[in-house]
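The structure appears below as structure tokens.
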Amino acid sequence: MDEVNILIIGGGIVGCAIAAELSKQWQDVFVVERFPRVGMATSTRNSGVIHSGIYYSPGSLKARHCLQGNALTFAFCEEHNVPHRRTGKLVVATETHEQAALEALLKRGKENGVEGLRLIGPAEIREREPHIAGLAALDVPSTGIVSAEESVRAYARVAMEQSAHIVTRAQVVSLEPTAKAIRVGIHVGEDLSVQTKPSRQRTAHEDAGTPAAQNENASQETIEARCVINAAGLYADEVAALIGNHSWKIYPVRGEYCEVRGPRRSLINGLVYPLPHADGLSLGMHFTKTIWDTVLIGPTARYVKDKDDYERDRLTVADFAEGARILMPEITDGDLQLAYSGLRPKLVPPDQHGMADFVIERDATVPQMIHLVGMESPGLTAAPSVARQVAGMVGEILA
């Protein structure tokens, strides 16, 4: 039986960022990922936005890690040549009654330490985004965009350069605590992948350097780890249950995207958001000018039953056009084509409202295990900051 210091379950943006951080200090850091490549699920099926921290309750983990992660993400992208751009964004009020909510968002952002926020009027909205209809907007200059795929791969590459090991097509099937470690049963070699995104965001160059599967023939392996980190995203609740912890349940929420095609994509210059949903379900269906100069509309937000339900009963182009016209009245059905979808690991059940915080804590009965649950937005931004917190926790376990 192999013995290692640290085993990270999940090769998404959070798991890979943690591996990059921990491998600076410790040897024998392993990441196991159930899909053929890192970052194939929630980490790359999103808008690719580097968030500022305006939405989250003051003092929450989301607020803290988003603010710190914003600066760390920009710095990491600069250092490792990850395609990104500091764009700023506008959060737009289209009706008079929304202006109070816009002012509340400004106040919350300032309480969280976000700098440079200001309210602007219709004239400046039109100057920034000539085709957007709005009465007022919150200007958020610290927001940006990034290639989520390149970001995940860069963290994985840094981790491997520091001697971490990434094993793909590897699913954890059992967790058994021992006196000073956790015995981890891993099924290796089976292709558990879901459908990948359309080729708009995948190229042969992007796939180069991705960690390959370690074993094409399925087999059962056992590893004993002094510290296990549950960063399994949509499956974090199921991984926690393997150790006997039933504290959480993940409710998958699907977000769908449309892409603006043809000359109409030049009508958006940056990032334009509506006010977030009052029930906390999402930040609203927004316009994103991507790193590739395409324009996305979305995501929508709908609870689904299955954690692999990316395509069943998709919305129509007409549904997207109707929502998009709230911010851009001249958009037509013919300007849009359906794009990809993603799933968020929500902790709030369908019959409740509000925005749950990240869960980052050691297991109550198996202290060698750390759980990260509900790592939805702003997880892409927060990842390097979360990794630093986890490193401190790992240091206590391995001391």
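Convention: chains lettered A, B, ... in structure tokens order; per-chain residue numbering from 1; ligands numbered from 1 as shown.
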
Next item on the list: Report the residues of segment 125-338 of chain A whose backbone DSSP state falls under strand (DSSP E), written as a ChimeraX atom specification.
Entry: /A:136-140,144-146,165-167,170-177,182-188,219-230,251-260,271-274,286-289,295-298,302-303,336-338

For Asn230 of chain A, please output as a compact mmCIF listing (two decimals) with N, CA, C and O atoms, in the first residue's frame all residues within 9 Å (counting only C-alpha atoms; exclusion window: fewer than 5 positions along the same chain).
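part-v8.txt, freshly written:
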# COMPACT_ATOMS: atom_id res chain seq x y z
N LEU A 7 -3.57 13.75 0.03
CA LEU A 7 -4.36 13.32 -1.12
C LEU A 7 -5.51 14.32 -1.29
O LEU A 7 -6.29 14.54 -0.36
N ILE A 8 -5.60 14.92 -2.47
CA ILE A 8 -6.66 15.88 -2.80
C ILE A 8 -7.64 15.18 -3.73
O ILE A 8 -7.25 14.68 -4.79
N ILE A 9 -8.90 15.16 -3.34
CA ILE A 9 -9.94 14.54 -4.16
C ILE A 9 -10.61 15.64 -4.97
O ILE A 9 -11.31 16.50 -4.44
N GLY A 10 -10.37 15.64 -6.28
CA GLY A 10 -10.96 16.64 -7.16
C GLY A 10 -9.91 17.49 -7.84
O GLY A 10 -9.13 18.18 -7.18
N GLY A 15 -9.11 22.31 -6.37
CA GLY A 15 -8.17 21.23 -6.08
C GLY A 15 -6.80 21.47 -6.66
O GLY A 15 -5.78 21.22 -5.99
N ALA A 236 -18.89 16.66 -3.60
CA ALA A 236 -18.27 16.81 -2.29
C ALA A 236 -19.11 16.22 -1.18
O ALA A 236 -18.58 15.70 -0.19
N VAL A 239 -18.52 12.44 -1.28
CA VAL A 239 -17.21 12.09 -0.73
C VAL A 239 -17.23 12.20 0.80
O VAL A 239 -16.71 11.34 1.50
N ALA A 240 -17.86 13.25 1.32
CA ALA A 240 -17.97 13.38 2.78
C ALA A 240 -18.72 12.20 3.38
O ALA A 240 -18.36 11.69 4.46
N MET A 369 -9.08 14.91 7.83
CA MET A 369 -9.78 15.21 6.58
C MET A 369 -10.32 16.64 6.60
O MET A 369 -10.87 17.10 7.59
N ILE A 370 -10.15 17.33 5.46
CA ILE A 370 -10.64 18.69 5.28
C ILE A 370 -11.70 18.66 4.19
O ILE A 370 -11.48 18.10 3.11
N HIS A 371 -12.85 19.30 4.46
CA HIS A 371 -13.93 19.35 3.49
C HIS A 371 -14.07 20.75 2.90
O HIS A 371 -14.06 21.74 3.64
N LEU A 372 -14.22 20.81 1.60
CA LEU A 372 -14.57 22.05 0.91
C LEU A 372 -15.87 21.76 0.14
O LEU A 372 -15.87 21.00 -0.83
N VAL A 373 -16.96 22.35 0.60
CA VAL A 373 -18.29 22.02 0.07
C VAL A 373 -19.00 23.30 -0.35
O VAL A 373 -18.84 24.35 0.29

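Atom CA of Gly48 of chain A to atom CA of Gly379 of chain A spans 10.6 Å [interatomic distance, one decimal].
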
Next item on the list: Have a look at A:Asn46, A:Thr168, A:Ser57, A:Gln368 and name the one nearest to Glu256 of chain A; count only C-alpha atoms.
Entry: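 Checking each candidate against Glu256 of chain A, we get A:Asn46 as the closest.
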
Checklist line | Distance query Val32 of chain A at most 12 Å, only C-alpha atoms, self and fewer than 4 positions along chain excluded, as a PyMOL selection string | finding: chain A and resi 6-12+15-16+19+36-39+156+164-173+184-189+211-214+221+223+228-232

Based on the selection just made, write N, CA and C atoms of those residues as a compact mmCIF listing (two decimals), in the first residue's frame.
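Result went into again-v9.txt, see below:
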# COMPACT_ATOMS: atom_id res chain seq x y z
N ILE A 6 -0.39 13.86 1.46
CA ILE A 6 -1.62 14.60 1.17
C ILE A 6 -2.29 14.02 -0.07
N LEU A 7 -3.57 13.75 0.03
CA LEU A 7 -4.36 13.32 -1.12
C LEU A 7 -5.51 14.32 -1.29
N ILE A 8 -5.60 14.92 -2.47
CA ILE A 8 -6.66 15.88 -2.80
C ILE A 8 -7.64 15.18 -3.73
N ILE A 9 -8.90 15.16 -3.34
CA ILE A 9 -9.94 14.54 -4.16
C ILE A 9 -10.61 15.64 -4.97
N GLY A 10 -10.37 15.64 -6.28
CA GLY A 10 -10.96 16.64 -7.16
C GLY A 10 -9.91 17.49 -7.84
N GLY A 11 -9.91 17.45 -9.17
CA GLY A 11 -8.95 18.21 -9.96
C GLY A 11 -9.58 19.38 -10.68
N GLY A 12 -10.49 20.08 -10.00
CA GLY A 12 -11.01 21.33 -10.52
C GLY A 12 -10.09 22.48 -10.16
N GLY A 15 -9.11 22.31 -6.37
CA GLY A 15 -8.17 21.23 -6.08
C GLY A 15 -6.80 21.47 -6.66
N CYS A 16 -6.73 21.98 -7.90
CA CYS A 16 -5.42 22.22 -8.52
C CYS A 16 -4.70 23.39 -7.87
N ALA A 19 -3.26 22.08 -4.72
CA ALA A 19 -2.07 21.26 -5.01
C ALA A 19 -0.86 22.15 -5.30
N PRO A 36 -11.18 12.55 -17.49
CA PRO A 36 -9.91 12.38 -18.20
C PRO A 36 -8.98 13.58 -18.14
N ARG A 37 -9.52 14.77 -17.86
CA ARG A 37 -8.70 15.97 -17.77
C ARG A 37 -9.12 16.76 -16.53
N VAL A 38 -8.20 17.56 -16.03
CA VAL A 38 -8.55 18.43 -14.91
C VAL A 38 -9.53 19.51 -15.39
N GLY A 39 -10.39 19.94 -14.47
CA GLY A 39 -11.25 21.08 -14.73
C GLY A 39 -12.36 20.87 -15.73
N ALA A 156 -2.38 23.18 -12.34
CA ALA A 156 -1.95 21.79 -12.39
C ALA A 156 -0.49 21.69 -12.81
N ALA A 164 4.17 17.47 -7.42
CA ALA A 164 2.86 16.89 -7.13
C ALA A 164 2.49 15.89 -8.23
N HIS A 165 1.60 14.99 -7.91
CA HIS A 165 1.16 13.96 -8.86
C HIS A 165 -0.33 14.14 -9.12
N ILE A 166 -0.72 14.15 -10.39
CA ILE A 166 -2.13 14.27 -10.76
C ILE A 166 -2.55 13.02 -11.51
N VAL A 167 -3.52 12.31 -10.97
CA VAL A 167 -4.00 11.06 -11.54
C VAL A 167 -5.43 11.27 -12.01
N THR A 168 -5.66 11.16 -13.31
CA THR A 168 -7.01 11.33 -13.85
C THR A 168 -7.67 9.97 -14.08
N ARG A 169 -8.95 10.01 -14.45
CA ARG A 169 -9.77 8.79 -14.52
C ARG A 169 -9.65 7.98 -13.24
N ALA A 170 -9.70 8.67 -12.11
CA ALA A 170 -9.52 8.02 -10.81
C ALA A 170 -10.62 8.49 -9.86
N GLN A 171 -11.47 7.56 -9.46
CA GLN A 171 -12.60 7.89 -8.59
C GLN A 171 -12.41 7.27 -7.22
N VAL A 172 -12.54 8.10 -6.19
CA VAL A 172 -12.47 7.60 -4.82
C VAL A 172 -13.76 6.86 -4.50
N VAL A 173 -13.63 5.62 -4.05
CA VAL A 173 -14.80 4.79 -3.77
C VAL A 173 -14.93 4.41 -2.30
N VAL A 184 -7.57 5.20 1.52
CA VAL A 184 -8.41 5.66 0.42
C VAL A 184 -8.44 4.59 -0.67
N GLY A 185 -9.64 4.10 -0.99
CA GLY A 185 -9.81 3.17 -2.09
C GLY A 185 -10.14 3.94 -3.36
N ILE A 186 -9.39 3.67 -4.43
CA ILE A 186 -9.52 4.42 -5.67
C ILE A 186 -9.73 3.47 -6.84
N HIS A 187 -10.75 3.74 -7.63
CA HIS A 187 -10.98 3.00 -8.86
C HIS A 187 -10.30 3.78 -9.99
N VAL A 188 -9.30 3.20 -10.61
CA VAL A 188 -8.46 3.90 -11.59
C VAL A 188 -8.66 3.32 -12.98
N GLY A 189 -8.79 4.21 -13.96
CA GLY A 189 -8.74 3.77 -15.35
C GLY A 189 -10.04 3.86 -16.10
N PRO A 211 -2.70 16.62 -17.86
CA PRO A 211 -2.31 15.35 -17.26
C PRO A 211 -3.08 14.19 -17.88
N ALA A 212 -2.39 13.17 -18.29
CA ALA A 212 -3.02 12.02 -18.94
C ALA A 212 -3.44 11.00 -17.91
N ALA A 213 -4.33 10.14 -18.30
CA ALA A 213 -4.72 9.05 -17.41
C ALA A 213 -3.51 8.18 -17.10
N GLN A 214 -3.44 7.73 -15.87
CA GLN A 214 -2.29 6.95 -15.45
C GLN A 214 -2.45 5.47 -15.80
N GLU A 221 -6.97 0.57 -6.52
CA GLU A 221 -5.76 0.93 -5.80
C GLU A 221 -6.14 1.41 -4.39
N ILE A 223 -4.51 3.82 -1.21
CA ILE A 223 -3.48 4.74 -0.75
C ILE A 223 -3.80 5.14 0.69
N VAL A 228 -6.35 14.08 3.94
CA VAL A 228 -7.19 14.00 2.74
C VAL A 228 -8.02 15.27 2.63
N ILE A 229 -8.03 15.84 1.44
CA ILE A 229 -8.77 17.09 1.19
C ILE A 229 -9.88 16.80 0.20
N ASN A 230 -11.10 17.03 0.63
CA ASN A 230 -12.28 16.82 -0.20
C ASN A 230 -12.58 18.09 -0.98
N ALA A 231 -12.15 18.13 -2.25
CA ALA A 231 -12.43 19.26 -3.14
C ALA A 231 -13.18 18.74 -4.36
N ALA A 232 -14.20 17.92 -4.12
CA ALA A 232 -14.85 17.16 -5.18
C ALA A 232 -16.00 17.90 -5.85

Secondary structure check, helix (DSSP H, G or I) residues of segment 155-323 of chain A, as a short mmCIF file (atom, residue, chain, number, x, y, z; two decimals) with N, CA and C atoms, in the first residue's frame:
data_model
loop_
_atom_site.label_atom_id
_atom_site.label_comp_id
_atom_site.auth_asym_id
_atom_site.auth_seq_id
_atom_site.Cartn_x
_atom_site.Cartn_y
_atom_site.Cartn_z
N TYR A 155 -2.47 25.94 -12.87
CA TYR A 155 -2.30 25.47 -11.48
C TYR A 155 -1.81 24.03 -11.46
N ALA A 156 -2.38 23.18 -12.34
CA ALA A 156 -1.95 21.79 -12.39
C ALA A 156 -0.49 21.69 -12.81
N ARG A 157 -0.10 22.49 -13.79
CA ARG A 157 1.28 22.46 -14.28
C ARG A 157 2.26 22.90 -13.18
N VAL A 158 1.91 23.98 -12.47
CA VAL A 158 2.77 24.45 -11.37
C VAL A 158 2.90 23.36 -10.31
N ALA A 159 1.79 22.72 -9.97
CA ALA A 159 1.83 21.66 -8.96
C ALA A 159 2.75 20.53 -9.40
N MET A 160 2.64 20.09 -10.67
CA MET A 160 3.47 18.99 -11.14
C MET A 160 4.94 19.39 -11.23
N GLU A 161 5.21 20.64 -11.57
CA GLU A 161 6.60 21.11 -11.59
C GLU A 161 7.20 21.10 -10.19
N SER A 199 -16.47 23.17 -29.26
CA SER A 199 -15.08 23.45 -29.65
C SER A 199 -14.72 24.92 -29.57
N ARG A 200 -15.70 25.80 -29.37
CA ARG A 200 -15.41 27.22 -29.23
C ARG A 200 -14.34 27.48 -28.18
N GLN A 201 -14.30 26.67 -27.12
CA GLN A 201 -13.34 26.91 -26.06
C GLN A 201 -12.31 25.78 -25.95
N ALA A 204 -6.62 22.07 -29.93
CA ALA A 204 -5.55 21.09 -29.70
C ALA A 204 -4.47 21.67 -28.81
N HIS A 205 -4.21 22.98 -28.95
CA HIS A 205 -3.20 23.62 -28.10
C HIS A 205 -3.62 23.59 -26.65
N GLU A 206 -4.92 23.83 -26.41
CA GLU A 206 -5.40 23.84 -25.03
C GLU A 206 -5.28 22.47 -24.39
N ASP A 207 -5.47 21.42 -25.18
CA ASP A 207 -5.40 20.08 -24.63
C ASP A 207 -3.96 19.63 -24.38
N GLY A 233 -16.19 19.18 -5.57
CA GLY A 233 -17.16 19.98 -6.29
C GLY A 233 -18.58 19.47 -6.16
N LEU A 234 -19.20 19.11 -7.28
CA LEU A 234 -20.58 18.62 -7.28
C LEU A 234 -20.73 17.36 -6.44
N TYR A 235 -19.64 16.63 -6.22
CA TYR A 235 -19.70 15.36 -5.51
C TYR A 235 -19.12 15.45 -4.11
N ALA A 236 -18.89 16.66 -3.60
CA ALA A 236 -18.27 16.81 -2.29
C ALA A 236 -19.11 16.22 -1.18
N ASP A 237 -20.44 16.29 -1.31
CA ASP A 237 -21.30 15.69 -0.29
C ASP A 237 -21.18 14.18 -0.29
N GLU A 238 -21.05 13.58 -1.48
CA GLU A 238 -20.92 12.13 -1.56
C GLU A 238 -19.57 11.66 -1.03
N VAL A 239 -18.52 12.44 -1.28
CA VAL A 239 -17.21 12.09 -0.73
C VAL A 239 -17.23 12.20 0.80
N ALA A 240 -17.86 13.25 1.32
CA ALA A 240 -17.97 13.38 2.78
C ALA A 240 -18.72 12.20 3.38
N ALA A 241 -19.75 11.72 2.68
CA ALA A 241 -20.53 10.59 3.19
C ALA A 241 -19.68 9.33 3.28
N LEU A 242 -18.66 9.20 2.42
CA LEU A 242 -17.79 8.02 2.48
C LEU A 242 -17.04 7.92 3.80
N GLY A 262 -22.37 36.62 -35.37
CA GLY A 262 -22.43 37.63 -36.42
C GLY A 262 -22.02 39.01 -35.93
N PRO A 263 -22.39 40.04 -36.67
CA PRO A 263 -21.94 41.40 -36.35
C PRO A 263 -22.47 41.93 -35.03
N ARG A 264 -23.55 41.36 -34.51
CA ARG A 264 -24.13 41.85 -33.26
C ARG A 264 -23.20 41.66 -32.06
N ARG A 265 -22.23 40.76 -32.16
CA ARG A 265 -21.33 40.56 -31.01
C ARG A 265 -20.46 41.79 -30.76
N SER A 266 -20.37 42.69 -31.73
CA SER A 266 -19.60 43.93 -31.52
C SER A 266 -20.38 44.95 -30.69
N LEU A 267 -21.64 44.63 -30.35
CA LEU A 267 -22.45 45.58 -29.60
C LEU A 267 -22.11 45.61 -28.11
N VAL A 317 -33.48 29.46 -27.91
CA VAL A 317 -32.89 30.74 -28.26
C VAL A 317 -33.87 31.88 -27.96
N ALA A 318 -35.15 31.65 -28.22
CA ALA A 318 -36.15 32.69 -27.96
C ALA A 318 -36.20 33.06 -26.47
N ASP A 319 -36.04 32.07 -25.59
CA ASP A 319 -36.01 32.36 -24.14
C ASP A 319 -34.85 33.29 -23.80
N PHE A 320 -33.68 33.00 -24.37
CA PHE A 320 -32.51 33.84 -24.11
C PHE A 320 -32.71 35.24 -24.67
N ALA A 321 -33.24 35.34 -25.87
CA ALA A 321 -33.43 36.65 -26.48
C ALA A 321 -34.37 37.51 -25.67
N GLU A 322 -35.42 36.89 -25.13
CA GLU A 322 -36.37 37.64 -24.32
C GLU A 322 -35.70 38.21 -23.07
N GLY A 323 -34.87 37.41 -22.41
CA GLY A 323 -34.16 37.90 -21.23
C GLY A 323 -33.10 38.93 -21.57
#

Check: If we count only C-alpha atoms, what is near segment 64-81 of chain A at a cut-off of 10 Å, once residues fewer than 4 positions away on the same chain are taken out, given as JSON, numbers by chain?
Finding: {"A": [50, 51, 52, 53, 54, 55, 56, 57, 58, 59, 60, 85, 86, 109, 112, 113, 114, 115, 142, 143, 144, 145, 146, 147, 150, 151, 154, 155, 157, 158, 358, 377, 378, 379, 380, 381, 382, 383, 384, 385, 386, 387, 388, 389]}

Same residues, C-alpha atoms, output as a compact mmCIF listing (two decimals), in the first residue's frame:
# COMPACT_ATOMS: atom_id res chain seq x y z
CA ILE A 50 -12.62 37.27 -12.10
CA HIS A 51 -15.06 38.63 -9.52
CA SER A 52 -14.48 41.60 -7.24
CA GLY A 53 -16.38 40.67 -4.06
CA ILE A 54 -19.43 42.97 -4.15
CA TYR A 55 -22.15 40.35 -3.71
CA TYR A 56 -21.24 38.42 -0.57
CA SER A 57 -22.14 38.96 3.09
CA PRO A 58 -19.46 40.95 4.95
CA GLY A 59 -17.30 38.62 7.02
CA SER A 60 -18.22 35.54 4.99
CA ARG A 85 -8.00 40.89 -19.11
CA ARG A 86 -8.99 43.47 -16.50
CA GLY A 109 -19.04 46.10 -1.86
CA ASN A 112 -16.14 44.05 1.82
CA GLY A 113 -13.19 46.27 0.90
CA VAL A 114 -13.75 46.44 -2.86
CA GLU A 115 -12.08 49.59 -4.16
CA SER A 142 -11.56 45.40 -10.36
CA THR A 143 -13.54 42.75 -12.28
CA GLY A 144 -11.92 40.89 -15.17
CA ILE A 145 -12.11 37.82 -17.38
CA VAL A 146 -9.84 34.81 -17.72
CA SER A 147 -9.52 31.61 -19.69
CA GLU A 150 -5.89 27.74 -19.08
CA SER A 151 -6.15 28.76 -15.44
CA ALA A 154 -1.66 26.38 -15.13
CA TYR A 155 -2.30 25.47 -11.48
CA ARG A 157 1.28 22.46 -14.28
CA VAL A 158 2.77 24.45 -11.37
CA PHE A 358 -18.37 28.21 1.34
CA SER A 377 -19.07 31.11 -7.71
CA PRO A 378 -16.79 32.89 -6.87
CA GLY A 379 -14.71 29.70 -6.68
CA LEU A 380 -12.74 30.47 -9.85
CA THR A 381 -11.61 33.78 -8.35
CA ALA A 382 -11.28 32.58 -4.77
CA ALA A 383 -9.22 29.44 -5.50
CA PRO A 384 -5.70 30.77 -4.69
CA SER A 385 -6.93 32.42 -1.49
CA VAL A 386 -8.81 29.29 -0.44
CA ALA A 387 -5.62 27.31 -1.12
CA ARG A 388 -3.73 29.45 1.39
CA GLN A 389 -6.34 28.82 4.09
